[in-house]
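K.L.:
Okay, handing you the structure first.
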Amino acid sequence: MSNDFIVKLKQAVLDGDEEIAQSAARSALDSGIDPLEIVKLSIQPAMDEIGDMFQNGDAYLPELIIAGDAATKALDLIMAKLAEKGQDFNSGTVVLGVMYGDNHDIGKNLVLAVLAANGFKVIDLGVNVQPKQLIDAAIKNNADIIAASTLITTSLPYTRELIGLLTAMGKRDDYFCIFGGGPVTPEWVVKAEADGYGRDAKDAVTLCKKLIEIGSRSKLSEPIIENALISK
Ligand code: B12
């Protein structure tokens, strides 16, 4: 029965039907399914499907927009559920933002919600963020980790710029830098000399916890790769 809600939610996101998306998400949550499983089994595949259709010319920008809006409505409920846990923010401090030129914030918001639900204090800089803004916020908030999200290929080089700028400022060892989002790959993370990759929001938490446990960047021998597709 509970699986029906998952199927219904996926279809509602694909159809861009906000009302049905919300009611299906509510029913799925009420039936006790783990909030992140709901995302993994319905919202994420729906977004991938509509994204592929867009790429192949089988869907257009309006369809992408309404699907994104329906997903956001469902995620509002899911994130509220995650927030219910109530935390005292003692896991560490993360500065989070979507790189310059990119306005995709659904995944970033999910990463934020899950990190917060796991006790991280998250400084959210929103979308379209310049590398220097992330660094300034990290300095100001005495952060442990800088987390950059990007969904579009043209914004990917700004992640590398972030590392270059930190190095030029003599601050590279002060913060762990982690990346995630569509065009980011483990290979890119290695090439850009970053410290970690996470495939999804759950991975982001595992990754941040591992880095905080290591404590200092100087003790990290190689980037940590958390890839839900391979490891789960
Ligand atoms: C919804 C959507 C939109 C919405 C965004 C709404 C919003 N508020 O975010 C709208 C309609 C506005 C939009 C606009 C555009 N889009 Co768009 N969009 C998508 C779509 C379908 C889904 C993205 C999404 O929300 N996924 C669901 C979330 C939950 O997943 P996620 O973002 O991947 O995040 C997860 C992980 O990646 C990871 N993660 C994310 N960040 C981080 C960070 C860290 C540190 C870690 C560890 C993990 C992590 O955890 C997240 C949660 O599990 C994708 C297709 C796709 N398959 O991704 C295209 C897609 C990203 N869009 C694309 C394009 C081209 C555009 C436009 C340029 C279209 C246009 N011609 O105008 C514009 C760009 C505008 C801009 N400057 O940003 C392309 C990008 C191609 C590329 N590689 O460059 C895609 C891939 C579609 C495609 N296949 O062609 N888009």
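So you can find residues: chains in the structure tokens are A, B, ... in the order shown, residues in each start at 1, and ligands are numbered from 1 in order.
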Excluding A:Lys121 and its own-chain neighbours fewer than 6 positions away, which residues fall within 7 Å of it when counting only C-alpha atoms? Please give them as a ChimeraX atom specification.
P.N.:
/A:89,92-94
K.L.:
Can you write just those residues out, C-alpha atoms, as a PDB file, in the first residue's frame?
P.N.:
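Below is the file that was written, selection_24.pdb:
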```pdb
ATOM      1  CA  PHE A  89      23.983  21.794  16.241  1.00  0.00           C
ATOM      2  CA  GLY A  92      30.227  20.937  13.078  1.00  0.00           C
ATOM      3  CA  THR A  93      29.719  23.994  10.918  1.00  0.00           C
ATOM      4  CA  VAL A  94      29.170  23.807   7.176  1.00  0.00           C
TER       5      VAL A  94
END
```
K.L.:
Taking the backbone alone, and naming residues the way the document does, which bits of stretch 46-212 of chain A are strand (DSSP E or B) by DSSP, as JSON, numbers by chain?
P.N.:
{"A": [92, 93, 94, 95, 96, 97, 98, 99, 120, 121, 122, 123, 124, 129, 145, 146, 147, 148, 149, 176, 177, 178, 179, 180, 196, 197, 198]}
K.L.:
Keeping N, CA and C atoms, export the residues of the selection given above as a PDB file, in the first residue's frame.
P.N.:
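Generated output (part-v7.pdb):
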```
ATOM      1  N   GLY A  92      29.242  20.172  13.835  1.00  0.00           N
ATOM      2  CA  GLY A  92      30.227  20.937  13.078  1.00  0.00           C
ATOM      3  C   GLY A  92      29.523  22.016  12.283  1.00  0.00           C
ATOM      4  N   THR A  93      30.315  22.895  11.671  1.00  0.00           N
ATOM      5  CA  THR A  93      29.719  23.994  10.918  1.00  0.00           C
ATOM      6  C   THR A  93      30.052  23.863   9.433  1.00  0.00           C
ATOM      7  N   VAL A  94      29.014  23.957   8.625  1.00  0.00           N
ATOM      8  CA  VAL A  94      29.170  23.807   7.176  1.00  0.00           C
ATOM      9  C   VAL A  94      28.662  25.064   6.480  1.00  0.00           C
ATOM     10  N   VAL A  95      29.482  25.600   5.588  1.00  0.00           N
ATOM     11  CA  VAL A  95      29.013  26.691   4.729  1.00  0.00           C
ATOM     12  C   VAL A  95      28.601  26.059   3.409  1.00  0.00           C
ATOM     13  N   LEU A  96      27.378  26.337   2.989  1.00  0.00           N
ATOM     14  CA  LEU A  96      26.816  25.642   1.827  1.00  0.00           C
ATOM     15  C   LEU A  96      26.309  26.639   0.793  1.00  0.00           C
ATOM     16  N   GLY A  97      26.566  26.357  -0.480  1.00  0.00           N
ATOM     17  CA  GLY A  97      26.024  27.229  -1.517  1.00  0.00           C
ATOM     18  C   GLY A  97      26.046  26.558  -2.878  1.00  0.00           C
ATOM     19  N   VAL A  98      25.223  27.080  -3.768  1.00  0.00           N
ATOM     20  CA  VAL A  98      25.198  26.622  -5.157  1.00  0.00           C
ATOM     21  C   VAL A  98      26.097  27.567  -5.956  1.00  0.00           C
ATOM     22  N   MET A  99      26.978  26.981  -6.765  1.00  0.00           N
ATOM     23  CA  MET A  99      28.011  27.793  -7.415  1.00  0.00           C
ATOM     24  C   MET A  99      27.458  28.829  -8.401  1.00  0.00           C
ATOM     25  N   PHE A 120      24.380  19.388  12.285  1.00  0.00           N
ATOM     26  CA  PHE A 120      25.330  20.358  11.729  1.00  0.00           C
ATOM     27  C   PHE A 120      24.704  21.748  11.714  1.00  0.00           C
ATOM     28  N   LYS A 121      25.522  22.732  12.033  1.00  0.00           N
ATOM     29  CA  LYS A 121      25.080  24.117  11.842  1.00  0.00           C
ATOM     30  C   LYS A 121      25.394  24.452  10.381  1.00  0.00           C
ATOM     31  N   VAL A 122      24.379  24.835   9.625  1.00  0.00           N
ATOM     32  CA  VAL A 122      24.608  25.091   8.203  1.00  0.00           C
ATOM     33  C   VAL A 122      24.374  26.560   7.884  1.00  0.00           C
ATOM     34  N   ILE A 123      25.397  27.178   7.311  1.00  0.00           N
ATOM     35  CA  ILE A 123      25.275  28.560   6.853  1.00  0.00           C
ATOM     36  C   ILE A 123      24.941  28.468   5.365  1.00  0.00           C
ATOM     37  N   ASP A 124      23.722  28.828   5.027  1.00  0.00           N
ATOM     38  CA  ASP A 124      23.248  28.653   3.644  1.00  0.00           C
ATOM     39  C   ASP A 124      23.388  29.967   2.866  1.00  0.00           C
ATOM     40  N   VAL A 129      26.434  31.590  -6.125  1.00  0.00           N
ATOM     41  CA  VAL A 129      27.415  32.046  -5.135  1.00  0.00           C
ATOM     42  C   VAL A 129      28.838  32.014  -5.708  1.00  0.00           C
ATOM     43  N   ILE A 145      33.690  23.022   7.254  1.00  0.00           N
ATOM     44  CA  ILE A 145      33.540  22.477   5.898  1.00  0.00           C
ATOM     45  C   ILE A 145      32.897  23.504   4.972  1.00  0.00           C
ATOM     46  N   ILE A 146      33.424  23.571   3.742  1.00  0.00           N
ATOM     47  CA  ILE A 146      32.761  24.347   2.686  1.00  0.00           C
ATOM     48  C   ILE A 146      32.155  23.335   1.722  1.00  0.00           C
ATOM     49  N   ALA A 147      30.839  23.415   1.535  1.00  0.00           N
ATOM     50  CA  ALA A 147      30.143  22.455   0.674  1.00  0.00           C
ATOM     51  C   ALA A 147      29.549  23.181  -0.522  1.00  0.00           C
ATOM     52  N   ALA A 148      29.983  22.766  -1.708  1.00  0.00           N
ATOM     53  CA  ALA A 148      29.515  23.432  -2.928  1.00  0.00           C
ATOM     54  C   ALA A 148      28.665  22.478  -3.750  1.00  0.00           C
ATOM     55  N   SER A 149      27.553  23.019  -4.221  1.00  0.00           N
ATOM     56  CA  SER A 149      26.637  22.239  -5.050  1.00  0.00           C
ATOM     57  C   SER A 149      26.605  22.858  -6.442  1.00  0.00           C
ATOM     58  N   PHE A 176      37.782  21.819   5.091  1.00  0.00           N
ATOM     59  CA  PHE A 176      37.526  20.724   4.161  1.00  0.00           C
ATOM     60  C   PHE A 176      36.601  21.285   3.080  1.00  0.00           C
ATOM     61  N   CYS A 177      36.838  20.887   1.835  1.00  0.00           N
ATOM     62  CA  CYS A 177      35.956  21.324   0.750  1.00  0.00           C
ATOM     63  C   CYS A 177      35.317  20.102   0.112  1.00  0.00           C
ATOM     64  N   ILE A 178      33.996  20.116   0.044  1.00  0.00           N
ATOM     65  CA  ILE A 178      33.306  18.971  -0.568  1.00  0.00           C
ATOM     66  C   ILE A 178      32.356  19.457  -1.658  1.00  0.00           C
ATOM     67  N   PHE A 179      32.189  18.618  -2.669  1.00  0.00           N
ATOM     68  CA  PHE A 179      31.336  18.990  -3.807  1.00  0.00           C
ATOM     69  C   PHE A 179      30.285  17.911  -4.074  1.00  0.00           C
ATOM     70  N   GLY A 180      29.176  18.354  -4.666  1.00  0.00           N
ATOM     71  CA  GLY A 180      28.147  17.417  -5.109  1.00  0.00           C
ATOM     72  C   GLY A 180      27.229  18.066  -6.117  1.00  0.00           C
ATOM     73  N   GLY A 196      36.197  15.831  -0.701  1.00  0.00           N
ATOM     74  CA  GLY A 196      35.152  14.820  -0.636  1.00  0.00           C
ATOM     75  C   GLY A 196      34.069  15.004  -1.658  1.00  0.00           C
ATOM     76  N   TYR A 197      33.438  13.871  -1.962  1.00  0.00           N
ATOM     77  CA  TYR A 197      32.313  13.842  -2.903  1.00  0.00           C
ATOM     78  C   TYR A 197      31.167  13.089  -2.267  1.00  0.00           C
ATOM     79  N   GLY A 198      29.946  13.577  -2.468  1.00  0.00           N
ATOM     80  CA  GLY A 198      28.766  12.842  -2.017  1.00  0.00           C
ATOM     81  C   GLY A 198      27.749  12.778  -3.132  1.00  0.00           C
TER      82      GLY A 198
END
```
K.L.:
Kindly give the distance, in Å, that separates atom 8 (N, counted along the ligand's line) of ligand 1 and atom CA of A:Asp105, rounded to a single decimal.
P.N.:
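It comes out at 4.7 Å.
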K.L.:
Could the residues of chain A that have an atom at most 6 Å from ligand 1 be listed as a tab-separated table, each with its closest atom pair and the distance in Å to one decimal, counting only C-alpha atoms and all ligand atoms and ordered by chain and ascending residue number?
P.N.:
```
residue	atom	partner	partner_atom_place_in_ligand_line	distance
A:Gln44	CA	ligand 1	27 (C)	5.0
A:Met47	CA	ligand 1	21 (C)	4.5
A:Asp48	CA	ligand 1	57 (N)	3.5
A:Ile50	CA	ligand 1	21 (C)	5.3
A:Gly51	CA	ligand 1	55 (C)	3.7
A:Asp52	CA	ligand 1	89 (N)	4.6
A:Phe54	CA	ligand 1	90 (O)	5.6
A:Gln55	CA	ligand 1	90 (O)	4.1
A:Leu61	CA	ligand 1	11 (C)	5.9
A:Leu64	CA	ligand 1	11 (C)	4.5
A:Ile65	CA	ligand 1	11 (C)	3.7
A:Gly68	CA	ligand 1	1 (C)	4.1
A:Gly101	CA	ligand 1	77 (N)	5.2
A:Asp102	CA	ligand 1	78 (O)	3.6
A:Asn103	CA	ligand 1	78 (O)	3.5
A:His104	CA	ligand 1	9 (O)	3.2
A:Asp105	CA	ligand 1	9 (O)	3.9
A:Ile106	CA	ligand 1	9 (O)	4.4
A:Gly107	CA	ligand 1	34 (O)	3.2
A:Lys108	CA	ligand 1	41 (N)	4.7
A:Leu110	CA	ligand 1	52 (C)	5.3
A:Val111	CA	ligand 1	52 (C)	5.6
A:Ala147	CA	ligand 1	45 (C)	4.2
A:Ala148	CA	ligand 1	45 (C)	4.8
A:Ser149	CA	ligand 1	43 (C)	3.8
A:Leu151	CA	ligand 1	61 (C)	4.8
A:Ile152	CA	ligand 1	84 (O)	3.4
A:Thr153	CA	ligand 1	84 (O)	3.9
A:Ile178	CA	ligand 1	45 (C)	5.1
A:Phe179	CA	ligand 1	45 (C)	4.1
A:Gly180	CA	ligand 1	44 (C)	3.6
A:Gly181	CA	ligand 1	37 (O)	3.4
A:Gly182	CA	ligand 1	37 (O)	5.2
A:Pro183	CA	ligand 1	83 (N)	5.6
A:Tyr197	CA	ligand 1	47 (C)	5.4
A:Gly198	CA	ligand 1	47 (C)	3.7
A:Arg199	CA	ligand 1	38 (C)	5.3
A:Asp200	CA	ligand 1	50 (O)	3.4
A:Ala201	CA	ligand 1	53 (O)	4.0
A:Ala204	CA	ligand 1	47 (C)	4.0
```
K.L.:
Just the residues within 7 Å of A:Pro131, please, counting only C-alpha atoms, with nothing from its chain fewer than 4 positions along; format it as a list in words.
P.N.:
Ile135, Tyr158, Glu161 and Leu162 of chain A
K.L.:
Counting only C-alpha atoms, give me one row per residue of stretch 42-77 of chain A with an atom at most 12 Å from an atom of stretch 18-28 of chain A, showing the shortest contact pair and its distance in Å to one decimal, sorted by chain then residue number, as a Markdown table.
P.N.:
```
| residue | atom | partner | partner_atom | distance |
| --- | --- | --- | --- | --- |
| A:Ser42 | CA | A:Ala25 | CA | 9.5 |
| A:Ile43 | CA | A:Ala21 | CA | 9.5 |
| A:Ala46 | CA | A:Ala21 | CA | 11.4 |
| A:Ile65 | CA | A:Glu18 | CA | 11.6 |
| A:Ile66 | CA | A:Glu18 | CA | 8.2 |
| A:Ala67 | CA | A:Glu18 | CA | 8.4 |
| A:Gly68 | CA | A:Glu18 | CA | 9.6 |
| A:Asp69 | CA | A:Glu18 | CA | 7.0 |
| A:Ala70 | CA | A:Glu18 | CA | 4.3 |
| A:Ala71 | CA | A:Ala21 | CA | 7.2 |
| A:Thr72 | CA | A:Glu18 | CA | 8.5 |
| A:Lys73 | CA | A:Gln22 | CA | 6.0 |
| A:Ala74 | CA | A:Gln22 | CA | 4.7 |
| A:Leu75 | CA | A:Ala25 | CA | 8.1 |
| A:Asp76 | CA | A:Gln22 | CA | 8.6 |
| A:Leu77 | CA | A:Arg26 | CA | 7.0 |
```
K.L.:
Taking only C-alpha atoms into account, name the residue in A:Lys202, A:Asp15, A:Lys8, A:Leu134 that is nearest to A:Asn118.
P.N.:
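Using only C-alpha atoms, A:Asn118 sits closest to A:Lys202.
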K.L.:
Which residues in stretch 94-125 of chain A does DSSP call helix (DSSP H, G or I)? List them as a VMD selection string.
P.N.:
chain A and resid 106 to 117
K.L.:
Atom CA of A:Val13 and atom CA of A:Glu37, how far apart in Å?
P.N.:
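Atom-to-atom, atom CA of A:Glu37 and atom CA of A:Val13 are spaced 15.8 Å apart.
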K.L.:
Between atom CA of A:Val127 and atom CA of A:Tyr100, what is the spacing in Å?
P.N.:
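Value for the atom CA of A:Tyr100-atom CA of A:Val127 distance: 7.2 Å.
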K.L.:
Pick out the residues sitting within 8 Å of A:Asp174, and hand them over as a ChimeraX atom specification; count only C-alpha atoms, and ignore anything fewer than 6 positions along from it in its own chain.
P.N.:
/A:144,216-217
K.L.:
Taking only C-alpha atoms into account, which of A:Ala192, A:Pro45, A:Ala83, A:Asn56 comes nearest A:Thr167?
P.N.:
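Comparing A:Ala192, A:Pro45, A:Ala83, A:Asn56 against A:Thr167, the winner is A:Ala192.
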K.L.:
Using only C-alpha atoms, find each residue in stretch 114-209 of chain A having at least one atom no more than 8 Å away from stretch 221-225 of chain A; report its shortest atom-to-atom pair and that distance in Å (one decimal), rows by chain then rising number, as CSV.
P.N.:
```
residue,atom,partner,partner_atom,distance
A:Pro186,CA,A:Ile225,CA,6.4
A:Val189,CA,A:Pro223,CA,7.5
A:Val190,CA,A:Pro223,CA,6.6
A:Glu193,CA,A:Pro223,CA,7.9
A:Ala194,CA,A:Pro223,CA,6.6
A:Asp195,CA,A:Pro223,CA,4.3
A:Gly196,CA,A:Ile224,CA,4.6
A:Tyr197,CA,A:Ile225,CA,4.9
A:Gly198,CA,A:Ile225,CA,6.4
A:Leu207,CA,A:Ile224,CA,6.9
```
K.L.:
Name the closest residue to A:Leu82 among the candidates A:Ile212, A:Ala59, A:Met53, A:Ala116; distances are taken between atoms, counting only C-alpha atoms.
P.N.:
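Smallest distance to A:Leu82 is found for A:Ala116.
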